[in-house]
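Q: Quick one: this structure, given as structure tokens, is what I'll be asking you about.
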Number of protein chains: 2
Amino acid sequence: MLGASSVAADDKVYRLKLAETWGPNFPIFGDATKNMAAMADKMSNGRLKIRIDSSNKHKAPLGVFDMVKSGQYDMGHSASYYWKGKVPNTLYFTTMPFGMTASEQYSWFYYGGGMELMADVYKPHNLLSFPGGNTGVQMGGWFQKEIKSVDDLKGLKMRIPGFAGEILAELGAKPTNIAPGELYTALERKTIDALEWVGPSLDLRMGFHKIAPYYYTGWHEPGTELQFLVNQRVWDKLPADLQEILRVAMRTAAYDMYTQSTYESGKNWVSIKTEYPDVQVKNFPPEVMTQLRAANDKLLVEHAAQDDMAKKIQKSQAEYMKQVRSWTEISDKAYLNSFD
Amino acid sequence: MLGASSVAADDKVYRLKLAETWGPNFPIFGDATKNMAAMADKMSNGRLKIRIDSSNKHKAPLGVFDMVKSGQYDMGHSASYYWKGKVPNTLYFTTMPFGMTASEQYSWFYYGGGMELMADVYKPHNLLSFPGGNTGVQMGGWFQKEIKSVDDLKGLKMRIPGFAGEILAELGAKPTNIAPGELYTALERKTIDALEWVGPSLDLRMGFHKIAPYYYTGWHEPGTELQFLVNQRVWDKLPADLQEILRVAMRTAAYDMYTQSTYESGKNWVSIKTEYPDVQVKNFPPEVMTQLRAANDKLLVEHAAQDDMAKKIQKSQAEYMKQVRSWTEISDKAYLNSFD
């Protein structure tokens, strides 16, 4: 190591405000924003300070898109599919039913063209969008009644966001999205009959098992990726080194959240069996799965027919998934099945 | 965004030299070091410059440990299990036969105690060790003759490093490690009868399929993690912001390499079928797999009996894998199998 010449530095301190969808001290999701801000602070030697406002502060957990777009906040942390009511094609950048797993989807984002497509969707809104942390495969949700056939889904009021909600609507359910902080009360007061949240990494702390004993395995969110949003004008004002520090801090915090989710999921899955023996883990019946797949395929075709960009994104995802899954089959899947 | 006060900065330029095991412009592995150095340079605004010397320059592809320990190089990029002849317990930090997958192992490193154990093993050698990029599940290797029973392994000269080599030796094979740049020639000239290298992401470019038609699926390296080494004295001289920049750049480059490996594996796996139709993909027969597992279990017990630290690391890995695999079974494995 040689200490040699010196370089000129911009010593100005940049202070950004980030609005997150989550409540204060929310585990894993909130750890991702704190991890990101801490790395940015330390790597910049204090020149990039990011203040995190949780939902108790800004009072608009599902208003993050608008608040970052308008410049009320510089950054956000949320999930892209929450904005599908405003900008339909944002739904493709979180996770898709029967779609890619976390590692498959990261490779699509970073090497398979996903980042470029996401940039195209967010650019008209003056926003930059980045992966913000993965939960891994999500569980299918908590149900107060057992699902024995498609008939049991008819009229079922369920909190389930994104494309999966549209699929359930096809099968007669009544999907809705509700902010995390209101989920327990909504289920307890029967405003909803069922909900999906994440998986063992987060669900047990929410207490859902006390009011809905059936816990179904997942199909609808095989690799849920959260999202960092940055206001384009704010980004443009940062010097190049702080842009790179912010980019890398977000990227690392996202990967780290997937790693943390894996750890917490294993830990909590083991504890379910001992601490909550009344939880009944179920798979949806094959008939239900078949109809979910059929509804998924039908809705994808409908979305693509209405919107050229939707068609383009779907094509990219379908072709890439076919390619990468051929490898997953012979690698992870074959390896995991060799333990049977 | 507010531009506010300013902070004092250390403007000195720190120049580090990194020795990598790989040849110049080596894909994926070499991309990881370039990616890391580029991030460090850009995030530090040119204050942290890392020069990468490939094996053509330093001429010691398997001498990276010694060169970083002695201070001849400040950093290295290689694989921990290459040092097991010098420091036996380094073998546990790359991948273990029948062990954890990439995402399982990252969660062990960062949340399950793995980093702390790795630090304990490297500390007496004045070295810091960090994850340096994952290949995903590796293929079982290229063989000139089909393996129909354990008898076909007897006397087989095979390039296979780490613990897997010891397992094959138990079954009568003659394992050896050979630097990447010499692999093709060794196989072509029959110095070895078989070799494993990585998987479709890298093997096809090496040309092995031209001289060994049988390509076996993997068991021995389910999540091979490369390694960044940093000389402790060099690390200690860096200011805190550059230490964090270096830590985060290494961590991100490692995760990115896993993502790139996933992409390249899918792409190349698809191309095998069209461009190299003569490659015969095989699974080892069940009898061979059973004996490989038995040899693995026997050798682990022997290593643990000889060395308290080996025992401690094995216990940590076995307990953690049991915990995390219970989740992988219900998440990734159940999800991937739902497509059958």
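Naming works like this for the structure tokens: A, B, ... for the chains as they're shown, residue 1 at the start of each chain, ligands 1 onward in shown order.
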Per residue of chain B within 7 Å of chain A, what are the shortest atom pair and its distance in Å to one decimal, counting only C-alpha atoms, with rows by chain and residue number, as JSON lines?
A:
```
{"residue": "B:Met1", "atom": "CA", "partner": "A:Leu16", "partner_atom": "CA", "distance": 5.0}
{"residue": "B:Leu2", "atom": "CA", "partner": "A:Arg15", "partner_atom": "CA", "distance": 5.4}
{"residue": "B:Gly3", "atom": "CA", "partner": "A:Tyr14", "partner_atom": "CA", "distance": 4.9}
{"residue": "B:Ala4", "atom": "CA", "partner": "A:Val13", "partner_atom": "CA", "distance": 5.4}
{"residue": "B:Ser5", "atom": "CA", "partner": "A:Val13", "partner_atom": "CA", "distance": 5.7}
{"residue": "B:Ser6", "atom": "CA", "partner": "A:Lys12", "partner_atom": "CA", "distance": 4.4}
{"residue": "B:Val7", "atom": "CA", "partner": "A:Asp11", "partner_atom": "CA", "distance": 5.4}
{"residue": "B:Ala8", "atom": "CA", "partner": "A:Asp11", "partner_atom": "CA", "distance": 6.7}
{"residue": "B:Asp11", "atom": "CA", "partner": "A:Ser6", "partner_atom": "CA", "distance": 4.9}
{"residue": "B:Lys12", "atom": "CA", "partner": "A:Ser6", "partner_atom": "CA", "distance": 4.4}
{"residue": "B:Val13", "atom": "CA", "partner": "A:Ser6", "partner_atom": "CA", "distance": 5.3}
{"residue": "B:Tyr14", "atom": "CA", "partner": "A:Gly3", "partner_atom": "CA", "distance": 4.9}
{"residue": "B:Arg15", "atom": "CA", "partner": "A:Leu2", "partner_atom": "CA", "distance": 5.4}
{"residue": "B:Leu16", "atom": "CA", "partner": "A:Met1", "partner_atom": "CA", "distance": 5.0}
{"residue": "B:Lys42", "atom": "CA", "partner": "A:Asp241", "partner_atom": "CA", "distance": 5.7}
{"residue": "B:Met43", "atom": "CA", "partner": "A:Asp241", "partner_atom": "CA", "distance": 4.7}
{"residue": "B:Ser44", "atom": "CA", "partner": "A:Asp241", "partner_atom": "CA", "distance": 6.5}
{"residue": "B:Asn45", "atom": "CA", "partner": "A:Asp241", "partner_atom": "CA", "distance": 5.3}
{"residue": "B:Arg47", "atom": "CA", "partner": "A:Val7", "partner_atom": "CA", "distance": 6.8}
{"residue": "B:Asp74", "atom": "CA", "partner": "A:Met1", "partner_atom": "CA", "distance": 6.5}
{"residue": "B:Ser103", "atom": "CA", "partner": "A:Thr259", "partner_atom": "CA", "distance": 6.6}
{"residue": "B:Glu104", "atom": "CA", "partner": "A:Thr262", "partner_atom": "CA", "distance": 6.9}
{"residue": "B:Tyr106", "atom": "CA", "partner": "A:Thr259", "partner_atom": "CA", "distance": 6.2}
{"residue": "B:Ser107", "atom": "CA", "partner": "A:Thr259", "partner_atom": "CA", "distance": 5.0}
{"residue": "B:Tyr111", "atom": "CA", "partner": "A:Tyr263", "partner_atom": "CA", "distance": 6.6}
{"residue": "B:Val137", "atom": "CA", "partner": "A:Ser331", "partner_atom": "CA", "distance": 5.5}
{"residue": "B:Trp219", "atom": "CA", "partner": "A:Tyr335", "partner_atom": "CA", "distance": 6.8}
{"residue": "B:Val234", "atom": "CA", "partner": "A:Met1", "partner_atom": "CA", "distance": 6.6}
{"residue": "B:Asp241", "atom": "CA", "partner": "A:Met43", "partner_atom": "CA", "distance": 4.7}
{"residue": "B:Leu242", "atom": "CA", "partner": "A:Met43", "partner_atom": "CA", "distance": 6.7}
{"residue": "B:Glu244", "atom": "CA", "partner": "A:Met43", "partner_atom": "CA", "distance": 5.4}
{"residue": "B:Ile245", "atom": "CA", "partner": "A:Met43", "partner_atom": "CA", "distance": 5.2}
{"residue": "B:Thr252", "atom": "CA", "partner": "A:Thr252", "partner_atom": "CA", "distance": 5.5}
{"residue": "B:Thr259", "atom": "CA", "partner": "A:Ser107", "partner_atom": "CA", "distance": 5.0}
{"residue": "B:Gln260", "atom": "CA", "partner": "A:Ser107", "partner_atom": "CA", "distance": 6.3}
{"residue": "B:Thr262", "atom": "CA", "partner": "A:Ser107", "partner_atom": "CA", "distance": 6.3}
{"residue": "B:Tyr263", "atom": "CA", "partner": "A:Ser107", "partner_atom": "CA", "distance": 5.4}
{"residue": "B:Ser265", "atom": "CA", "partner": "A:Trp327", "partner_atom": "CA", "distance": 6.3}
{"residue": "B:Gly266", "atom": "CA", "partner": "A:Val324", "partner_atom": "CA", "distance": 4.3}
{"residue": "B:Lys267", "atom": "CA", "partner": "A:Gln323", "partner_atom": "CA", "distance": 6.3}
{"residue": "B:Trp269", "atom": "CA", "partner": "A:Trp327", "partner_atom": "CA", "distance": 6.2}
{"residue": "B:Val270", "atom": "CA", "partner": "A:Gln323", "partner_atom": "CA", "distance": 6.5}
{"residue": "B:Gln323", "atom": "CA", "partner": "A:Gly266", "partner_atom": "CA", "distance": 5.4}
{"residue": "B:Val324", "atom": "CA", "partner": "A:Gly266", "partner_atom": "CA", "distance": 4.3}
{"residue": "B:Ser326", "atom": "CA", "partner": "A:Gly266", "partner_atom": "CA", "distance": 6.4}
{"residue": "B:Trp327", "atom": "CA", "partner": "A:Gly266", "partner_atom": "CA", "distance": 4.9}
{"residue": "B:Ser331", "atom": "CA", "partner": "A:Val137", "partner_atom": "CA", "distance": 5.5}
{"residue": "B:Asp332", "atom": "CA", "partner": "A:Val137", "partner_atom": "CA", "distance": 6.4}
{"residue": "B:Lys333", "atom": "CA", "partner": "A:Lys333", "partner_atom": "CA", "distance": 6.4}
{"residue": "B:Tyr335", "atom": "CA", "partner": "A:Trp219", "partner_atom": "CA", "distance": 6.8}
{"residue": "B:Leu336", "atom": "CA", "partner": "A:Lys333", "partner_atom": "CA", "distance": 6.7}
```
Q: For the selection you just gave me, I'd like the residues written to a file as a short mmCIF file (atom, residue, chain, number, x, y, z; two decimals), in the first residue's frame, keeping N, CA and C atoms.
A:
```
data_model
loop_
_atom_site.label_atom_id
_atom_site.label_comp_id
_atom_site.auth_asym_id
_atom_site.auth_seq_id
_atom_site.Cartn_x
_atom_site.Cartn_y
_atom_site.Cartn_z
N MET B 1 -33.90 17.72 -0.40
CA MET B 1 -32.44 17.67 -0.24
C MET B 1 -31.90 19.03 0.15
N LEU B 2 -31.08 19.03 1.17
CA LEU B 2 -30.45 20.26 1.61
C LEU B 2 -28.94 20.10 1.52
N GLY B 3 -28.27 21.05 0.93
CA GLY B 3 -26.81 21.08 1.04
C GLY B 3 -26.49 21.91 2.27
N ALA B 4 -25.78 21.34 3.21
CA ALA B 4 -25.60 22.07 4.45
C ALA B 4 -24.12 22.24 4.79
N SER B 5 -23.78 21.89 5.99
CA SER B 5 -22.42 22.07 6.48
C SER B 5 -21.44 21.21 5.68
N SER B 6 -20.17 21.32 5.97
CA SER B 6 -19.20 20.49 5.27
C SER B 6 -18.37 19.70 6.27
N VAL B 7 -17.77 18.61 5.78
CA VAL B 7 -16.97 17.76 6.66
C VAL B 7 -15.53 17.72 6.17
N ALA B 8 -14.64 17.55 7.08
CA ALA B 8 -13.23 17.43 6.72
C ALA B 8 -12.99 16.07 6.07
N ASP B 11 -7.70 13.48 1.95
CA ASP B 11 -7.63 13.46 0.49
C ASP B 11 -6.55 12.55 -0.06
N LYS B 12 -5.86 11.85 0.80
CA LYS B 12 -4.76 11.00 0.36
C LYS B 12 -5.28 9.86 -0.51
N VAL B 13 -4.53 9.52 -1.56
CA VAL B 13 -4.92 8.38 -2.41
C VAL B 13 -4.22 7.12 -1.90
N TYR B 14 -5.01 6.08 -1.66
CA TYR B 14 -4.48 4.79 -1.22
C TYR B 14 -4.47 3.84 -2.40
N ARG B 15 -3.31 3.27 -2.67
CA ARG B 15 -3.17 2.36 -3.82
C ARG B 15 -2.89 0.96 -3.30
N LEU B 16 -3.81 0.03 -3.59
CA LEU B 16 -3.65 -1.35 -3.15
C LEU B 16 -3.38 -2.25 -4.36
N LYS B 42 -14.87 4.51 -7.70
CA LYS B 42 -15.91 5.51 -7.95
C LYS B 42 -16.50 6.04 -6.63
N MET B 43 -16.76 5.13 -5.68
CA MET B 43 -17.33 5.56 -4.40
C MET B 43 -16.37 6.44 -3.62
N SER B 44 -15.07 6.18 -3.79
CA SER B 44 -14.07 6.96 -3.03
C SER B 44 -13.63 8.20 -3.80
N ASN B 45 -14.25 8.45 -4.93
CA ASN B 45 -13.83 9.58 -5.77
C ASN B 45 -12.33 9.50 -6.10
N ARG B 47 -9.95 7.96 -4.38
CA ARG B 47 -9.02 7.89 -3.23
C ARG B 47 -8.60 6.47 -2.91
N ASP B 74 -1.46 -6.63 -1.14
CA ASP B 74 -2.34 -6.10 -0.10
C ASP B 74 -3.62 -6.91 0.01
N SER B 103 -27.68 -19.26 -1.10
CA SER B 103 -28.46 -18.35 -0.23
C SER B 103 -28.45 -18.85 1.21
N GLU B 104 -28.47 -20.16 1.39
CA GLU B 104 -28.35 -20.70 2.75
C GLU B 104 -27.01 -20.31 3.37
N TYR B 106 -24.88 -17.83 2.49
CA TYR B 106 -24.76 -16.39 2.78
C TYR B 106 -25.42 -16.07 4.12
N SER B 107 -26.57 -16.69 4.38
CA SER B 107 -27.26 -16.39 5.64
C SER B 107 -26.47 -16.96 6.84
N TYR B 111 -25.46 -13.96 9.15
CA TYR B 111 -26.38 -13.92 10.30
C TYR B 111 -26.26 -15.14 11.19
N VAL B 137 -24.73 -23.88 -7.45
CA VAL B 137 -24.43 -25.32 -7.44
C VAL B 137 -23.47 -25.65 -8.58
N TRP B 219 -22.93 -32.60 -6.52
CA TRP B 219 -23.20 -33.03 -5.14
C TRP B 219 -22.18 -32.41 -4.19
N VAL B 234 -2.58 -3.66 6.24
CA VAL B 234 -3.05 -2.75 5.19
C VAL B 234 -4.42 -2.20 5.57
N ASP B 241 -13.69 5.53 6.46
CA ASP B 241 -14.61 5.57 5.31
C ASP B 241 -14.14 4.65 4.19
N LEU B 242 -12.81 4.56 3.98
CA LEU B 242 -12.31 3.67 2.93
C LEU B 242 -12.42 2.20 3.35
N GLU B 244 -14.92 1.05 5.03
CA GLU B 244 -16.32 0.72 4.76
C GLU B 244 -16.57 0.61 3.25
N ILE B 245 -15.96 1.49 2.48
CA ILE B 245 -16.08 1.40 1.02
C ILE B 245 -15.54 0.06 0.52
N THR B 252 -20.74 -6.47 -2.16
CA THR B 252 -21.62 -6.31 -3.32
C THR B 252 -21.08 -7.09 -4.51
N THR B 259 -25.24 -13.51 -8.84
CA THR B 259 -26.29 -13.12 -9.79
C THR B 259 -25.82 -13.33 -11.23
N GLN B 260 -24.59 -12.92 -11.51
CA GLN B 260 -24.04 -13.11 -12.86
C GLN B 260 -23.90 -14.60 -13.19
N THR B 262 -25.72 -17.03 -12.09
CA THR B 262 -27.06 -17.55 -12.38
C THR B 262 -27.44 -17.23 -13.83
N TYR B 263 -27.17 -15.98 -14.22
CA TYR B 263 -27.48 -15.57 -15.60
C TYR B 263 -26.68 -16.39 -16.62
N SER B 265 -25.16 -19.22 -16.28
CA SER B 265 -25.47 -20.66 -16.24
C SER B 265 -26.70 -20.97 -17.07
N GLY B 266 -27.75 -20.16 -16.90
CA GLY B 266 -28.96 -20.37 -17.68
C GLY B 266 -28.70 -20.24 -19.17
N LYS B 267 -27.98 -19.17 -19.51
CA LYS B 267 -27.69 -18.90 -20.92
C LYS B 267 -26.89 -20.07 -21.54
N TRP B 269 -26.51 -23.15 -20.30
CA TRP B 269 -27.17 -24.44 -20.23
C TRP B 269 -28.08 -24.64 -21.44
N VAL B 270 -28.77 -23.57 -21.82
CA VAL B 270 -29.62 -23.63 -23.02
C VAL B 270 -28.77 -23.90 -24.26
N GLN B 323 -31.54 -25.97 10.43
CA GLN B 323 -32.53 -24.90 10.63
C GLN B 323 -32.96 -24.28 9.30
N VAL B 324 -32.00 -23.88 8.49
CA VAL B 324 -32.34 -23.14 7.26
C VAL B 324 -32.95 -24.07 6.22
N SER B 326 -34.93 -26.49 6.71
CA SER B 326 -36.35 -26.72 7.01
C SER B 326 -37.20 -25.66 6.30
N TRP B 327 -36.65 -24.48 6.14
CA TRP B 327 -37.34 -23.42 5.41
C TRP B 327 -37.20 -23.60 3.90
N SER B 331 -40.17 -23.70 1.07
CA SER B 331 -40.21 -22.51 0.20
C SER B 331 -39.70 -22.85 -1.21
N ASP B 332 -38.41 -22.68 -1.46
CA ASP B 332 -37.88 -22.88 -2.81
C ASP B 332 -38.15 -24.28 -3.35
N LYS B 333 -37.87 -25.29 -2.53
CA LYS B 333 -38.03 -26.66 -3.04
C LYS B 333 -39.49 -26.96 -3.35
N TYR B 335 -41.85 -24.87 -3.97
CA TYR B 335 -42.28 -24.04 -5.10
C TYR B 335 -41.78 -24.61 -6.43
N LEU B 336 -40.49 -24.94 -6.49
CA LEU B 336 -39.93 -25.47 -7.75
C LEU B 336 -40.59 -26.80 -8.12
#
```
Q: How far is it from CA of Lys174 (chain A) to CA of Lys157 (chain A), in Å with one decimal?
A: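 Result for CA of Lys174 (chain A) versus CA of Lys157 (chain A): 4.7 Å, one decimal.
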Q: Can you list every residue in region 116-321 of chain A that DSSP puts in strand (DSSP E), as a PyMOL selection string?
A: chain A and resi 127-134+141-143+157-159+174-176+194-195+214-216+225-231+280-282
Q: Can you pull out every residue within 6 Å of region 124-132 of chain A, counting only C-alpha atoms, but drop anything in the same chain fewer than 6 positions away, and send it as a list in words?
A: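 The residues satisfying every condition are Leu226, Gln227, Phe228, Leu229, Val230, Asn231, Gln232 and Ala254 of chain A.
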Q: Between CA of Gly165 (chain B) and CA of Thr95 (chain B), what distance in Å does the model show, to one decimal?
A: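 Computing the Euclidean distance for CA of Gly165 (chain B) and CA of Thr95 (chain B) yields 12.5 Å.
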Q: What is the distance, in Å and to one decimal place, between CA of Ala212 (chain A) and CA of Trp142 (chain A)?
A: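 If I compute the distance from CA of Ala212 (chain A) to CA of Trp142 (chain A), I get 5.7 Å.
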Q: Enumerate, as a PyMOL selection string, the complete set of residues in region 40-180 of chain A that a backbone-based DSSP assignment places in helix (DSSP H, G or I).
A: chain A and resi 40-43+55-58+64-70+80-83+88-93+102-111+114-125+150-153+162-170+180
Q: Which neighbours of region 178-186 of chain A fall inside 8 Å, counting only C-alpha atoms, when residues of the same chain fewer than 2 positions from it are skipped, and could you give them as a list in words?
A: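 Listed by chain and then number, they are Thr21, Trp22, Gly23, Pro61, Leu62, Arg159, Thr176, Glu188, Arg189, Lys190, Thr191, Ile192, Leu195, Met206, Gly207 and Phe208 of chain A.
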Q: Those selected residues, please, written with N, CA and C atoms and delivered as a PDB file, in the first residue's frame.
A:
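Saved to out-v5.pdb:
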```pdb
ATOM      1  N   THR A  21     -42.816   2.693   3.735  1.00  0.00           N
ATOM      2  CA  THR A  21     -44.193   2.233   3.929  1.00  0.00           C
ATOM      3  C   THR A  21     -44.385   1.635   5.322  1.00  0.00           C
ATOM      4  N   TRP A  22     -43.307   1.188   5.930  1.00  0.00           N
ATOM      5  CA  TRP A  22     -43.360   0.395   7.159  1.00  0.00           C
ATOM      6  C   TRP A  22     -43.421   1.285   8.408  1.00  0.00           C
ATOM      7  N   GLY A  23     -43.905   0.729   9.468  1.00  0.00           N
ATOM      8  CA  GLY A  23     -43.915   1.415  10.746  1.00  0.00           C
ATOM      9  C   GLY A  23     -42.520   1.478  11.352  1.00  0.00           C
ATOM     10  N   PRO A  61     -48.601   5.420   4.363  1.00  0.00           N
ATOM     11  CA  PRO A  61     -47.806   4.236   4.013  1.00  0.00           C
ATOM     12  C   PRO A  61     -47.913   3.852   2.537  1.00  0.00           C
ATOM     13  N   LEU A  62     -49.087   4.032   1.946  1.00  0.00           N
ATOM     14  CA  LEU A  62     -49.237   3.702   0.530  1.00  0.00           C
ATOM     15  C   LEU A  62     -49.184   4.953  -0.350  1.00  0.00           C
ATOM     16  N   ARG A 159     -56.825  -9.750   1.982  1.00  0.00           N
ATOM     17  CA  ARG A 159     -55.776  -8.772   1.699  1.00  0.00           C
ATOM     18  C   ARG A 159     -54.705  -9.490   0.901  1.00  0.00           C
ATOM     19  N   THR A 176     -58.112  -7.085  -1.610  1.00  0.00           N
ATOM     20  CA  THR A 176     -57.891  -5.688  -1.257  1.00  0.00           C
ATOM     21  C   THR A 176     -56.453  -5.535  -0.795  1.00  0.00           C
ATOM     22  N   GLU A 188     -58.866  -9.424  12.641  1.00  0.00           N
ATOM     23  CA  GLU A 188     -59.531  -9.689  13.918  1.00  0.00           C
ATOM     24  C   GLU A 188     -60.993  -9.250  13.887  1.00  0.00           C
ATOM     25  N   ARG A 189     -61.240  -8.084  13.265  1.00  0.00           N
ATOM     26  CA  ARG A 189     -62.605  -7.539  13.217  1.00  0.00           C
ATOM     27  C   ARG A 189     -63.403  -8.057  12.027  1.00  0.00           C
ATOM     28  N   LYS A 190     -62.846  -9.045  11.311  1.00  0.00           N
ATOM     29  CA  LYS A 190     -63.517  -9.684  10.166  1.00  0.00           C
ATOM     30  C   LYS A 190     -63.791  -8.716   9.007  1.00  0.00           C
ATOM     31  N   THR A 191     -63.077  -7.594   8.982  1.00  0.00           N
ATOM     32  CA  THR A 191     -63.122  -6.758   7.777  1.00  0.00           C
ATOM     33  C   THR A 191     -62.624  -7.588   6.594  1.00  0.00           C
ATOM     34  N   ILE A 192     -61.695  -8.484   6.869  1.00  0.00           N
ATOM     35  CA  ILE A 192     -61.221  -9.445   5.870  1.00  0.00           C
ATOM     36  C   ILE A 192     -61.294 -10.843   6.481  1.00  0.00           C
ATOM     37  N   LEU A 195     -55.626 -13.189   4.793  1.00  0.00           N
ATOM     38  CA  LEU A 195     -54.612 -12.245   4.330  1.00  0.00           C
ATOM     39  C   LEU A 195     -53.337 -12.996   4.046  1.00  0.00           C
ATOM     40  N   MET A 206     -46.544 -10.681  13.875  1.00  0.00           N
ATOM     41  CA  MET A 206     -47.788  -9.944  13.649  1.00  0.00           C
ATOM     42  C   MET A 206     -48.952 -10.577  14.409  1.00  0.00           C
ATOM     43  N   GLY A 207     -48.786 -11.825  14.829  1.00  0.00           N
ATOM     44  CA  GLY A 207     -49.820 -12.465  15.651  1.00  0.00           C
ATOM     45  C   GLY A 207     -50.974 -13.087  14.887  1.00  0.00           C
ATOM     46  N   PHE A 208     -50.852 -13.203  13.561  1.00  0.00           N
ATOM     47  CA  PHE A 208     -51.971 -13.706  12.748  1.00  0.00           C
ATOM     48  C   PHE A 208     -52.423 -15.113  13.157  1.00  0.00           C
TER      49      PHE A 208
END
```
Q: Can you work out which one of A:Gly155, A:Met115, A:Glu275, A:Asp297 has the shortest atom-to-atom distance to Ile167 (chain A), counting only C-alpha atoms?
A: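 Checking each candidate against Ile167 (chain A), we get A:Asp297 as the closest.
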